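**Student:** Got entry-v9.cif for you, mmCIF, C-alpha atoms:
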data_final
loop_
_atom_site.label_atom_id
_atom_site.label_comp_id
_atom_site.auth_asym_id
_atom_site.auth_seq_id
_atom_site.Cartn_x
_atom_site.Cartn_y
_atom_site.Cartn_z
CA MET O 1120 -24.90 33.63 49.64
CA SER O 1121 -24.66 30.69 47.28
CA MET O 1122 -26.59 30.62 44.03
CA PRO O 1123 -29.33 28.03 43.46
CA ALA O 1124 -28.25 24.78 41.89
CA ARG O 1125 -30.46 25.41 38.87
CA VAL O 1126 -28.69 28.70 38.07
CA VAL O 1127 -25.25 27.08 38.53
CA TYR O 1128 -26.20 24.23 36.22
CA LYS O 1129 -27.38 26.63 33.49
CA ARG O 1130 -24.19 28.66 33.70
CA ARG O 1131 -22.02 25.55 33.49
CA ALA O 1132 -24.00 24.29 30.48
CA THR O 1133 -23.59 27.69 28.80
CA ILE O 1134 -19.83 27.83 29.43
CA THR O 1135 -19.02 24.26 28.40
CA ASP O 1136 -21.81 23.73 25.82
CA LEU O 1137 -21.51 19.93 26.30
CA PRO O 1138 -24.03 17.32 27.52
CA LEU O 1139 -23.68 16.22 31.15
CA TYR O 1140 -23.26 12.44 31.55
CA TYR O 1141 -22.07 11.95 35.14
CA SER O 1142 -21.02 14.06 38.14
CA GLY O 1143 -19.85 13.66 41.73
CA TYR O 1144 -17.08 14.38 44.20
CA LEU O 1145 -13.60 12.91 43.64
CA LEU O 1146 -9.95 13.45 44.54
CA LYS O 1147 -7.30 14.28 41.97
CA LYS O 1148 -3.52 14.67 41.83
CA LEU O 1149 -0.72 14.48 39.30
CA SER O 1150 1.80 11.64 39.44
CA LYS O 1151 4.48 14.06 40.67
CA GLU O 1152 2.32 15.50 43.46
CA LYS O 1153 2.09 14.00 46.93
CA ASP O 1154 -1.41 14.83 48.16
CA PHE O 1155 -4.84 14.54 46.57
CA LYS O 1156 -7.11 17.56 46.19
CA LYS O 1157 -10.86 17.36 46.41
CA TYR O 1158 -12.97 18.51 43.45
CA TYR O 1159 -16.47 18.30 42.18
CA GLY O 1160 -16.27 16.66 38.78
CA GLU O 1161 -18.60 16.72 35.81
CA LEU O 1162 -18.15 14.45 32.81
CA ARG O 1163 -19.48 16.53 29.91
CA GLY O 1164 -18.93 14.88 26.56
CA ALA O 1165 -15.39 13.48 26.55
CA THR O 1166 -14.07 16.16 28.93
CA LEU O 1167 -13.84 16.03 32.72
CA PHE O 1168 -14.43 19.48 34.28
CA LEU O 1169 -13.23 20.00 37.86
CA TYR O 1170 -14.79 22.58 40.24
CA LYS O 1171 -13.85 23.49 43.80
CA ASP O 1172 -17.37 22.59 44.93
CA ASP O 1173 -20.81 22.06 43.50
CA THR O 1174 -21.68 25.78 43.80
CA GLN O 1175 -18.90 27.09 41.54
CA ASP O 1176 -20.17 27.98 38.06
CA THR O 1177 -16.72 28.25 36.36
CA TYR O 1178 -14.44 25.23 36.28
CA THR O 1179 -10.98 25.29 37.81
CA GLU O 1180 -9.38 22.55 35.67
CA LYS O 1181 -10.38 20.28 32.84
CA LEU O 1182 -9.02 17.00 31.49
CA ASP O 1183 -9.49 16.22 27.80
CA LEU O 1184 -10.09 12.46 27.68
CA VAL O 1185 -10.43 12.06 23.90
CA HIS O 1186 -6.81 10.87 23.59
CA LEU O 1187 -6.85 8.78 26.77
CA LYS O 1188 -4.35 5.93 26.41
CA SER O 1189 -5.22 3.82 29.43
CA MET O 1190 -7.17 3.80 32.70
CA GLU O 1191 -5.60 1.41 35.19
CA LEU O 1192 -6.85 0.41 38.64
CA ASP O 1193 -4.10 0.94 41.20
CA SER O 1194 -5.85 -0.55 44.23
CA PRO O 1195 -7.71 -3.89 44.27
CA TYR O 1196 -11.46 -3.79 43.82
CA GLN O 1197 -13.03 -4.14 47.27
CA ARG O 1198 -16.34 -3.06 48.70
CA LYS O 1199 -16.42 0.06 50.87
CA THR O 1200 -12.77 0.95 50.20
CA PRO O 1201 -11.40 3.89 48.23
CA THR O 1202 -10.60 3.26 44.58
CA ILE O 1203 -7.64 4.88 42.77
CA PHE O 1204 -7.34 5.04 38.96
CA THR O 1205 -4.33 6.21 36.92
CA LEU O 1206 -5.25 7.99 33.69
CA THR O 1207 -2.44 8.02 31.11
CA LEU O 1208 -2.82 11.09 28.88
CA PRO O 1209 -0.49 12.29 26.09
CA THR O 1210 0.93 15.06 28.29
CA ALA O 1211 0.77 13.69 31.85
CA GLN O 1212 -0.45 10.97 34.20
CA VAL O 1213 -3.36 11.85 36.49
CA GLN O 1214 -4.64 9.85 39.46
CA LEU O 1215 -8.30 9.93 40.48
CA LYS O 1216 -9.50 8.67 43.85
CA MET O 1217 -13.12 7.83 44.78
CA ASP O 1218 -14.58 7.25 48.23
CA ASN O 1219 -15.71 3.67 47.57
CA SER O 1220 -15.41 1.04 44.89
CA ASP O 1221 -19.01 1.37 43.68
CA THR O 1222 -18.57 5.04 42.83
CA GLY O 1223 -15.21 4.28 41.25
CA GLU O 1224 -16.78 1.58 39.07
CA GLU O 1225 -19.40 4.03 37.86
CA TRP O 1226 -16.77 6.65 37.00
CA ARG O 1227 -14.72 4.03 35.15
CA GLY O 1228 -17.76 2.84 33.17
CA TYR O 1229 -18.79 6.33 32.06
CA ILE O 1230 -15.25 7.45 31.18
CA LEU O 1231 -14.40 4.35 29.12
CA THR O 1232 -17.82 4.33 27.40
CA VAL O 1233 -17.44 7.95 26.30
CA VAL O 1234 -13.81 7.62 25.22
CA LYS O 1235 -13.90 4.20 23.52
CA LYS O 1236 -17.52 4.56 22.30
CA GLU O 1237 -18.36 1.11 23.64
CA ILE O 1238 -19.49 -0.25 26.98
CA PRO O 1239 -16.72 -2.25 28.73
CA SER O 1240 -17.59 -5.91 29.15
CA THR O 1241 -15.99 -6.25 32.62
CA LEU O 1242 -18.13 -3.68 34.47
CA GLN O 1243 -19.75 -4.70 37.75
CA LEU O 1244 -22.91 -2.56 37.59
CA LEU O 1245 -26.61 -3.09 38.05
CA PRO O 1246 -28.94 -3.51 35.03
CA GLY O 1247 -30.40 -0.01 35.55
CA GLN O 1248 -26.92 1.50 35.52
CA MET O 1249 -26.10 -0.38 32.31
CA LEU O 1250 -29.22 1.11 30.65
CA LEU O 1251 -28.05 4.59 31.61
CA LEU O 1252 -24.66 3.82 30.05
CA GLN O 1253 -26.36 2.72 26.84
CA ASP O 1254 -28.21 6.05 26.65
CA VAL O 1255 -24.94 7.92 27.16
CA LEU O 1256 -23.30 5.84 24.42
CA ASP O 1257 -26.08 6.63 21.95
CA GLN O 1258 -25.84 10.37 22.67
CA GLU O 1259 -22.07 10.38 22.28
CA LYS O 1260 -22.22 8.53 18.95
CA LYS O 1261 -24.64 11.12 17.61
CA ARG O 1262 -22.51 13.97 18.92
CA ARG O 1263 -19.23 12.52 17.63
CA PRO O 1264 -19.95 10.26 14.66
CA PRO O 1265 -17.08 7.96 13.76
CA SER O 1266 -14.86 9.56 11.16
CA PRO O 1267 -12.77 7.54 8.73
CA ARG O 1268 -9.14 7.29 9.59
CA PRO O 1269 -6.95 9.61 7.54
CA ALA O 1270 -5.16 7.89 4.71
CA LEU O 1271 -1.40 7.82 4.72
CA PRO O 1272 0.11 10.55 2.51
CA PRO O 1273 1.58 9.27 -0.75
CA ARG O 1274 5.28 8.60 -0.71
CA PRO O 1275 7.18 11.23 -2.76
CA ALA O 1276 8.82 9.91 -5.88
CA PHE O 1277 12.26 11.29 -4.95
CA LEU O 1278 12.40 9.26 -1.74
CA ARG O 1279 14.24 6.05 -2.31
CA THR O 1280 15.49 3.53 0.22
CA ALA O 1281 18.13 0.88 0.00
CA PHE O 1282 15.44 -1.79 -0.35
CA PRO O 1283 12.67 -0.48 -2.61
CA ALA O 1284 9.38 -2.31 -2.54
CA PRO O 1285 8.82 -4.61 -5.53
CA SER O 1286 5.93 -4.11 -7.88
CA LEU O 1287 2.56 -5.44 -6.76
CA SER O 1288 2.11 -7.57 -9.87
CA PRO O 1289 4.98 -9.94 -10.69
CA PRO O 1290 6.13 -10.27 -14.30
CA LYS O 1291 3.92 -12.47 -16.38
CA ASP O 1292 6.79 -14.43 -17.87
CA LYS O 1293 8.34 -15.28 -14.48
CA PRO O 1294 5.69 -15.26 -11.73
CA ASP O 1295 7.05 -15.62 -8.21
CA SER O 1296 4.29 -15.91 -5.65
CA SER O 1297 6.60 -17.18 -2.88
CA ALA O 1298 8.49 -13.89 -2.40
CA PRO O 1299 6.63 -11.53 0.01
CA GLU O 1300 6.04 -7.88 -0.77
CA ILE O 1301 8.63 -5.78 1.04
CA PRO O 1302 7.45 -2.40 2.44
CA ALA O 1303 9.48 0.70 1.79
CA CYS O 1304 10.56 0.95 5.45
CA PHE O 1305 12.42 -2.40 5.34
CA PHE O 1306 16.16 -2.21 6.07
CA SER O 1307 18.62 -5.07 6.43
CA VAL O 1308 19.96 -3.95 9.82
CA THR O 1309 20.26 -5.36 13.31
CA ARG O 1310 18.22 -4.30 16.33
CA GLN O 1311 20.95 -1.95 17.56
CA GLU O 1312 21.35 -0.35 14.14
CA ALA O 1313 17.58 0.13 13.75
CA GLU O 1314 17.31 1.79 17.18
CA HIS O 1315 20.25 4.05 16.34
CA MET O 1316 18.62 5.08 13.04
CA LEU O 1317 15.36 5.96 14.76
CA GLU O 1318 17.15 7.83 17.54
CA ALA O 1319 19.42 9.80 15.21
CA ASN O 1320 16.73 10.78 12.67
CA PRO O 1321 13.31 10.94 14.35
CA GLU O 1322 12.01 13.21 11.58
CA TYR O 1323 12.33 10.37 9.03
CA GLY O 1324 9.78 8.19 10.85
CA GLY O 1325 9.30 5.90 13.80
CA ILE O 1326 8.87 2.36 12.37
CA ILE O 1327 11.54 0.13 10.80
CA LEU O 1328 10.92 -3.38 9.49
CA ARG O 1329 14.03 -5.55 9.55
CA PRO O 1330 15.07 -9.22 9.28
CA SER O 1331 14.95 -11.30 12.44
CA THR O 1332 17.74 -13.40 13.86
CA LEU O 1333 15.64 -16.46 12.94
CA ALA O 1334 15.64 -17.56 9.31
CA ASN O 1335 12.73 -16.43 7.12
CA ASN O 1336 11.30 -14.29 9.94
CA TYR O 1337 11.09 -10.55 10.50
CA ALA O 1338 11.11 -8.02 13.32
CA LEU O 1339 9.67 -4.53 13.77
CA THR O 1340 11.36 -1.74 15.72
CA LEU O 1341 9.44 1.41 16.64
CA ARG O 1342 10.11 4.55 18.64
CA GLN O 1343 7.25 5.98 20.71
CA LEU O 1344 7.05 9.26 22.62
CA THR O 1345 5.80 8.96 26.21
CA PRO O 1346 5.52 11.54 29.01
CA SER O 1347 8.76 10.17 30.44
CA GLY O 1348 10.56 10.30 27.08
CA PRO O 1349 11.01 8.25 23.89
CA VAL O 1350 10.79 4.48 24.22
CA MET O 1351 12.14 1.83 21.84
CA LYS O 1352 10.08 -1.32 21.30
CA ASN O 1353 10.76 -4.43 19.22
CA TYR O 1354 8.21 -6.96 17.99
CA ARG O 1355 8.69 -10.35 16.33
CA VAL O 1356 6.87 -11.21 13.10
CA THR O 1357 6.82 -14.93 12.25
CA SER O 1358 6.37 -16.09 8.67
CA THR O 1359 3.95 -18.99 8.13
CA ASN O 1360 2.33 -20.69 5.16
CA SER O 1361 -0.91 -18.76 5.70
CA GLY O 1362 0.69 -15.35 6.25
CA PHE O 1363 2.55 -13.52 9.04
CA VAL O 1364 1.92 -13.72 12.78
CA ILE O 1365 2.60 -10.70 15.01
CA GLU O 1366 3.78 -12.16 18.32
CA LEU O 1367 1.67 -10.26 20.90
CA ASP O 1368 -0.14 -11.39 24.05
CA ARG O 1369 -2.90 -12.32 21.64
CA PRO O 1370 -1.14 -13.19 18.37
CA VAL O 1371 -2.47 -11.44 15.29
CA THR O 1372 -2.30 -13.09 11.84
CA VAL O 1373 -2.17 -10.96 8.69
CA SER O 1374 -1.67 -11.83 5.05
CA SER O 1375 1.35 -9.67 4.11
CA LEU O 1376 4.13 -7.51 5.52
CA ASN O 1377 2.29 -4.41 4.32
CA ASN O 1378 -0.65 -5.46 6.51
CA VAL O 1379 1.76 -5.89 9.43
CA LEU O 1380 2.78 -2.28 8.99
CA LYS O 1381 -0.85 -1.21 8.59
CA TYR O 1382 -1.79 -2.97 11.85
CA PHE O 1383 0.82 -1.05 13.84
CA LEU O 1384 -0.21 2.25 12.23
CA GLU O 1385 -3.82 1.69 13.22
CA LYS O 1386 -2.97 0.64 16.77
CA THR O 1387 -0.82 3.75 17.26
CA GLU O 1388 -3.62 5.94 15.81
CA TYR O 1389 -1.33 7.01 12.93
CA ARG O 1390 0.93 8.97 15.25
CA LEU O 1391 3.86 7.04 13.84
CA HIS O 1392 4.85 6.72 10.22
CA PRO O 1393 7.33 4.43 8.44
CA TYR O 1394 10.99 5.36 8.43
CA MET O 1395 11.97 6.71 5.03
CA ALA O 1396 15.19 8.65 4.65
CA SER O 1397 15.00 11.69 2.40
CA GLN O 1398 17.65 12.83 -0.02
CA PRO O 1399 19.24 16.32 0.16
CA TYR O 1400 17.81 19.22 -1.82
CA ASP O 1401 19.71 21.75 -3.88
CA THR O 1402 19.70 25.28 -2.47
CA ARG O 1403 21.29 27.25 -5.32
CA ILE O 1404 20.24 27.90 -8.90
CA GLU O 1405 23.13 28.37 -11.33
CA VAL O 1406 22.70 29.94 -14.77
CA SER O 1407 25.00 28.73 -17.52
CA PRO O 1408 26.75 31.56 -19.50
CA ALA O 1409 25.08 32.57 -22.74
CA PRO O 1410 26.90 31.94 -26.06
CA LYS O 1411 28.94 34.86 -27.38
CA CYS O 1412 27.08 35.03 -30.69
CA ILE O 1413 23.70 35.57 -28.97
CA SER O 1414 22.76 38.80 -27.24
CA ILE O 1415 20.73 38.41 -24.06
CA THR O 1416 19.08 41.84 -24.33
CA SER O 1417 18.21 41.82 -28.02
CA PRO O 1418 15.30 39.65 -29.11
CA ILE O 1419 16.11 36.50 -31.00
CA PRO O 1420 15.45 37.06 -34.74
CA LYS O 1421 12.83 34.89 -36.25
CA THR O 1422 14.07 32.48 -38.86
CA VAL O 1423 11.88 32.33 -41.96
CA PRO O 1424 11.88 28.88 -43.53
CA LYS O 1425 13.25 28.82 -47.07
CA ALA O 1426 11.17 27.41 -49.88
CA GLN O 1427 12.55 24.31 -51.49
CA VAL O 1428 12.91 25.27 -55.22
CA ALA O 1429 14.76 23.24 -57.79
CA PRO O 1430 17.84 25.06 -59.15
CA MET O 1431 17.55 26.60 -62.63
CA LEU O 1432 19.66 25.08 -65.40
CA ARG O 1433 21.77 27.72 -67.15
CA SER O 1434 22.50 27.44 -70.83
CA GLN O 1435 25.98 26.37 -71.45
CA THR O 1436 28.12 28.90 -73.16
CA LYS O 1437 30.77 28.13 -75.64
CA ALA O 1438 33.36 28.33 -72.97
CA GLU O 1439 31.45 25.79 -70.88
CA LEU O 1440 30.96 23.28 -73.74
CA PRO O 1441 32.97 20.14 -73.30
CA PRO O 1442 36.12 20.02 -75.47
CA PRO O 1443 35.93 17.96 -78.67
CA SER O 1444 37.26 14.50 -78.46
CA ALA O 1445 40.72 14.14 -79.80
CA LYS O 1446 40.97 12.47 -83.19
CA PRO O 1447 43.11 9.41 -83.42
CA VAL O 1448 46.47 9.87 -84.96
CA GLY O 1449 46.98 8.19 -88.30
CA GLY O 1450 48.35 4.71 -88.10
CA GLU O 1451 46.90 4.13 -84.66
CA TYR O 1452 44.16 1.62 -83.99
CA VAL O 1453 40.96 2.70 -82.35
CA ILE O 1454 39.42 0.15 -80.08
CA PRO O 1455 35.62 0.36 -80.39
CA ASP O 1456 33.61 0.06 -77.26
CA GLU O 1457 31.21 -2.78 -76.59
CA HIS O 1458 28.12 -0.82 -77.73
CA GLU O 1459 29.64 -0.02 -81.14
CA GLN O 1460 30.67 -3.65 -81.62
CA LYS O 1461 27.11 -4.78 -81.06
CA LEU O 1462 25.79 -2.27 -83.62
CA VAL O 1463 28.25 -3.46 -86.24
CA GLN O 1464 27.33 -7.07 -85.59
CA LEU O 1465 23.60 -6.34 -85.94
CA ASP O 1466 24.21 -4.40 -89.18
CA GLY O 1467 26.01 -7.36 -90.74
CA GLU O 1468 23.30 -9.82 -89.77
CA LEU O 1469 20.62 -7.50 -91.22
CA GLN O 1470 22.43 -7.26 -94.55
CA GLU O 1471 22.70 -11.04 -94.81
CA VAL O 1472 18.95 -11.41 -94.15
CA LEU O 1473 18.13 -8.83 -96.85
CA LYS O 1474 20.42 -10.57 -99.33
CA MET O 1475 18.72 -13.90 -98.72
CA ARG O 1476 15.29 -12.30 -99.21
CA ARG O 1477 16.40 -10.81 -102.52
CA ASP O 1478 17.68 -14.18 -103.73
CA ILE O 1479 14.38 -15.85 -102.83
CA ILE O 1480 12.36 -13.15 -104.62
CA TYR O 1481 14.51 -13.37 -107.77
CA THR O 1482 14.29 -17.16 -107.88
CA ALA O 1483 10.49 -17.10 -107.56
CA ASN O 1484 10.16 -14.57 -110.44
CA ASP O 1485 12.34 -16.66 -112.74
CA GLN O 1486 10.26 -19.75 -112.09
CA GLU O 1487 6.99 -17.90 -112.90
CA GLN O 1488 8.39 -16.58 -116.19
CA ASP O 1489 9.53 -20.06 -117.29
CA THR O 1490 6.10 -21.55 -116.50
CA THR O 1491 4.29 -18.86 -118.51
CA TYR O 1492 6.57 -19.28 -121.52
CA GLU O 1493 6.06 -23.04 -121.64
CA ASN O 1494 2.27 -22.70 -121.52
CA HIS O 1495 2.28 -20.19 -124.35
CA THR O 1496 4.37 -22.38 -126.56
CA THR O 1497 2.09 -25.38 -126.05
CA GLU O 1498 -0.99 -23.39 -126.99
CA LYS O 1499 0.62 -22.33 -130.29
CA SER O 1500 1.70 -25.84 -131.30
CA GLN O 1501 -1.75 -27.44 -130.80
CA PRO O 1502 -4.73 -26.35 -133.09
CA SER O 1503 -7.91 -25.19 -131.58
CA THR O 1504 -11.18 -27.18 -131.63
CA ALA O 1505 -12.76 -24.88 -134.25
CA GLN O 1506 -9.90 -25.42 -136.63
CA LYS O 1507 -10.28 -29.16 -136.17
CA ASN O 1508 -13.93 -28.99 -137.05
CA ILE O 1509 -13.30 -26.96 -140.22
CA LYS O 1510 -10.77 -29.43 -141.46
CA THR O 1511 -13.18 -32.32 -140.84
CA GLU O 1512 -15.95 -30.67 -142.80
CA ALA O 1513 -13.64 -30.08 -145.75
CA PHE O 1514 -12.98 -33.74 -146.07
#
For this file, write the structure as structure tokens.

**Tutor:**
Amino acid sequence: MSMPARVVYKRRATITDLPLYYSGYLLKKLSKEKDFKKYYGELRGATLFLYKDDTQDTYTEKLDLVHLKSMELDSPYQRKTPTIFTLTLPTAQVQLKMDNSDTGEEWRGYILTVVKKEIPSTLQLLPGQMLLLQDVLDQEKKRRPPSPRPALPPRPAFLRTAFPAPSLSPPKDKPDSSAPEIPACFFSVTRQEAEHMLEANPEYGGIILRPSTLANNYALTLRQLTPSGPVMKNYRVTSTNSGFVIELDRPVTVSSLNNVLKYFLEKTEYRLHPYMASQPYDTRIEVSPAPKCISITSPIPKTVPKAQVAPMLRSQTKAELPPPSAKPVGGEYVIPDEHEQKLVQLDGELQEVLKMRRDIIYTANDQEQDTTYENHTTEKSQPSTAQKNIKTEAF
């Protein structure tokens, strides 16, 4: 006896704990299988759960569509004909088959809306169906809000390539705005050499920027992992006056080579990283032998700094006194030094000055004495006024 649909639905919601967006019968097979198997599918969140029938409460298989790469239509779109889609997942390729094209278009619209978080612009659905898709899109954005892309890890300082990237700011004395900034994953190699480097050392990275065969242009070689194995791809990057053009089906123009690299990292969802060869590490630690004068076990004695004191002057003893200068032998001439000659010369000049002063003083004294004697003699020879008056009265 089968359980009621309400009970089955509650059990499925409890097991998966995801919102139900769309459900229906479909056929499924892997790319390696020959025949399709019929399932009842439920699109809950970004996961497709497959049941044997609509009465089974536990799913048989599930397909995680979060990392869906592509959903391609194998058969042409025609009314009332089965529709086959090929889902390319990171681990395998799965084919889904619907009874008619209308059902297949609905499945395609719901799957792409949930995975890409946008409604495809090429859907052939009715306005009511488009409104239902918009409701699903709003629910999924609330359930899985967009998270910022993880930043690239910083490049270790010990990693160096043959062509290091120049500094972002050119020297002030010699500015050169014409030279582009070269990323760290740039190598001056050919296409064959770049592919060999990526194949031989996949752990170093999966993207190499290299010069193109055309002058002043570049090329980008990358190695991608697919279900069938690693694949090498090469892209041309043309240099123009306004920047760099990535030659795709729809050409993309960026401003620098670093932005070219950033574009490919974003489009590959950061599953690839630039090729940067690492240098070998040392695996042994060697200890140099200790000096012989130092004991390893005994602690190192502390050195006390010495005070800087001026040396004391000792009194000279008789033995330390300098010997007396030898006296000149009689009859020998002694040559005076320059200092003694100057003293003798100054002594002679001083004596001459003193002699002249004495002569001047003596001459002045003699003149004063002669003047005094003459005045005294004149006073004696001439009578005074009183004597003259007495003589006049007598007469």

**Student:** Write out as a short mmCIF file (atom, residue, chain, number, x, y, z; two decimals) with C-alpha atoms, in the coordinates of the input each polymer residue whose atoms come within 7 Å of O:Asp1183, counting all atoms listed in the file; drop sequence neighbours fewer than 4 positions from it.

**Tutor:**
data_model
loop_
_atom_site.label_atom_id
_atom_site.label_comp_id
_atom_site.auth_asym_id
_atom_site.auth_seq_id
_atom_site.Cartn_x
_atom_site.Cartn_y
_atom_site.Cartn_z
CA ALA O 1165 -15.39 13.48 26.55
CA THR O 1166 -14.07 16.16 28.93
CA LEU O 1167 -13.84 16.03 32.72
#

**Student:** Measuring atom to atom with all atoms listed in the file, identify which of O:Gln1343, O:Thr1357, O:Gln1464, O:Thr1387 is nearest to O:Glu1314.

**Tutor:**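 Nearest to O:Glu1314: O:Gln1343.
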
**Student:** Would you mind listing what lies within 8 Å of stretch 1156-1164 of chain O as JSON, numbers by chain, with all atoms listed in the file counted and same-chain residues fewer than 5 positions away left out?

**Tutor:** {"O": [1135, 1137, 1138, 1139, 1140, 1141, 1142, 1143, 1144, 1145, 1146, 1147, 1148, 1169, 1170, 1171, 1172, 1173, 1230, 1233, 1259]}

**Student:** Write the selection just made, keeping C-alpha atoms, as an mmCIF file, in the frame of the given file?

**Tutor:**
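Output (again.cif):
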data_model
loop_
_atom_site.group_PDB
_atom_site.id
_atom_site.type_symbol
_atom_site.label_atom_id
_atom_site.label_comp_id
_atom_site.auth_asym_id
_atom_site.auth_seq_id
_atom_site.Cartn_x
_atom_site.Cartn_y
_atom_site.Cartn_z
ATOM 1 C CA THR O 1135 -19.020 24.260 28.400
ATOM 2 C CA LEU O 1137 -21.510 19.930 26.300
ATOM 3 C CA PRO O 1138 -24.030 17.320 27.520
ATOM 4 C CA LEU O 1139 -23.680 16.220 31.150
ATOM 5 C CA TYR O 1140 -23.260 12.440 31.550
ATOM 6 C CA TYR O 1141 -22.070 11.950 35.140
ATOM 7 C CA SER O 1142 -21.020 14.060 38.140
ATOM 8 C CA GLY O 1143 -19.850 13.660 41.730
ATOM 9 C CA TYR O 1144 -17.080 14.380 44.200
ATOM 10 C CA LEU O 1145 -13.600 12.910 43.640
ATOM 11 C CA LEU O 1146 -9.950 13.450 44.540
ATOM 12 C CA LYS O 1147 -7.300 14.280 41.970
ATOM 13 C CA LYS O 1148 -3.520 14.670 41.830
ATOM 14 C CA LEU O 1169 -13.230 20.000 37.860
ATOM 15 C CA TYR O 1170 -14.790 22.580 40.240
ATOM 16 C CA LYS O 1171 -13.850 23.490 43.800
ATOM 17 C CA ASP O 1172 -17.370 22.590 44.930
ATOM 18 C CA ASP O 1173 -20.810 22.060 43.500
ATOM 19 C CA ILE O 1230 -15.250 7.450 31.180
ATOM 20 C CA VAL O 1233 -17.440 7.950 26.300
ATOM 21 C CA GLU O 1259 -22.070 10.380 22.280
#

**Student:** Carefully work through the PyMOL selection byres ((chain O and resi 1328) around 7) for this structure and note down the residues it includes, as a PyMOL selection string.

**Tutor:** chain O and resi 1304-1306+1326-1327+1329+1338-1340

**Student:** Pull out every residue that the PyMOL selection byres ((chain O and resi 1177) around 10) matches in the shown coordinates and put them as a PDB file with C-alpha atoms, keeping the file's coordinate frame.

**Tutor:**
ATOM      1  CA  VAL O1127     -25.250  27.080  38.530  1.00  0.00           C
ATOM      2  CA  ARG O1130     -24.190  28.660  33.700  1.00  0.00           C
ATOM      3  CA  ARG O1131     -22.020  25.550  33.490  1.00  0.00           C
ATOM      4  CA  ILE O1134     -19.830  27.830  29.430  1.00  0.00           C
ATOM      5  CA  THR O1135     -19.020  24.260  28.400  1.00  0.00           C
ATOM      6  CA  PHE O1168     -14.430  19.480  34.280  1.00  0.00           C
ATOM      7  CA  LEU O1169     -13.230  20.000  37.860  1.00  0.00           C
ATOM      8  CA  TYR O1170     -14.790  22.580  40.240  1.00  0.00           C
ATOM      9  CA  LYS O1171     -13.850  23.490  43.800  1.00  0.00           C
ATOM     10  CA  THR O1174     -21.680  25.780  43.800  1.00  0.00           C
ATOM     11  CA  GLN O1175     -18.900  27.090  41.540  1.00  0.00           C
ATOM     12  CA  ASP O1176     -20.170  27.980  38.060  1.00  0.00           C
ATOM     13  CA  TYR O1178     -14.440  25.230  36.280  1.00  0.00           C
ATOM     14  CA  THR O1179     -10.980  25.290  37.810  1.00  0.00           C
ATOM     15  CA  GLU O1180      -9.380  22.550  35.670  1.00  0.00           C
TER      16      GLU O1180
END

**Student:** Using atom CA of O:Val1379 and atom CA of O:Lys1235 as the two end points, give the distance in Å to one decimal.

**Tutor:**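 If I compute the distance from atom CA of O:Val1379 to atom CA of O:Lys1235, I get 23.4 Å.
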
**Student:** So, with only C-alpha atoms as the atoms that count, which of O:Asn1377, O:Gln1243, O:Thr1207, O:Gln1470 lies closest to O:Ala1303?

**Tutor:**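 Comparing O:Asn1377, O:Gln1243, O:Thr1207, O:Gln1470 against O:Ala1303, the winner is O:Asn1377.
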
**Student:** Hey, can you check how far atom CA of O:Val1350 sits from atom CA of O:Glu1312?

**Tutor:** 15.4 Å

**Student:** If I put a ball of radius 12 Å at (2.0, -11.0, 21.3) in the file's coordinates, which residues poke into it when counting only C-alpha atoms, written as a short mmCIF file (atom, residue, chain, number, x, y, z; two decimals) with C-alpha atoms, in the frame of the given file?

**Tutor:**
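Writing done, so here's point_32.cif:
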data_model
loop_
_atom_site.label_atom_id
_atom_site.label_comp_id
_atom_site.auth_asym_id
_atom_site.auth_seq_id
_atom_site.Cartn_x
_atom_site.Cartn_y
_atom_site.Cartn_z
CA ASN O 1353 10.76 -4.43 19.22
CA TYR O 1354 8.21 -6.96 17.99
CA ARG O 1355 8.69 -10.35 16.33
CA VAL O 1356 6.87 -11.21 13.10
CA THR O 1357 6.82 -14.93 12.25
CA VAL O 1364 1.92 -13.72 12.78
CA ILE O 1365 2.60 -10.70 15.01
CA GLU O 1366 3.78 -12.16 18.32
CA LEU O 1367 1.67 -10.26 20.90
CA ASP O 1368 -0.14 -11.39 24.05
CA ARG O 1369 -2.90 -12.32 21.64
CA PRO O 1370 -1.14 -13.19 18.37
CA VAL O 1371 -2.47 -11.44 15.29
CA THR O 1372 -2.30 -13.09 11.84
#

**Student:** Can you measure atom CA of O:Glu1300 to atom CA of O:Ser1375 for me? One decimal in Å is fine.

**Tutor:** 7.0 Å

**Student:** On this structure, the PyMOL selection byres ((chain O and resi 1237) around 10) would catch which residues? List them as a VMD selection string, sorted by chain and number.

**Tutor:** chain O and resid 1228 to 1229 1231 to 1236 1238 to 1240 1252 to 1253 1256 to 1257 1260

**Student:** Can you list, as an NGL selection string, every protein, DNA or RNA residue that comes within 10 Å of O:Leu1344 when you count only C-alpha atoms, leaving out same-chain residues fewer than 3 positions away?

**Tutor:** :O and (1209 or 1325 or 1347-1351 or 1390-1391)
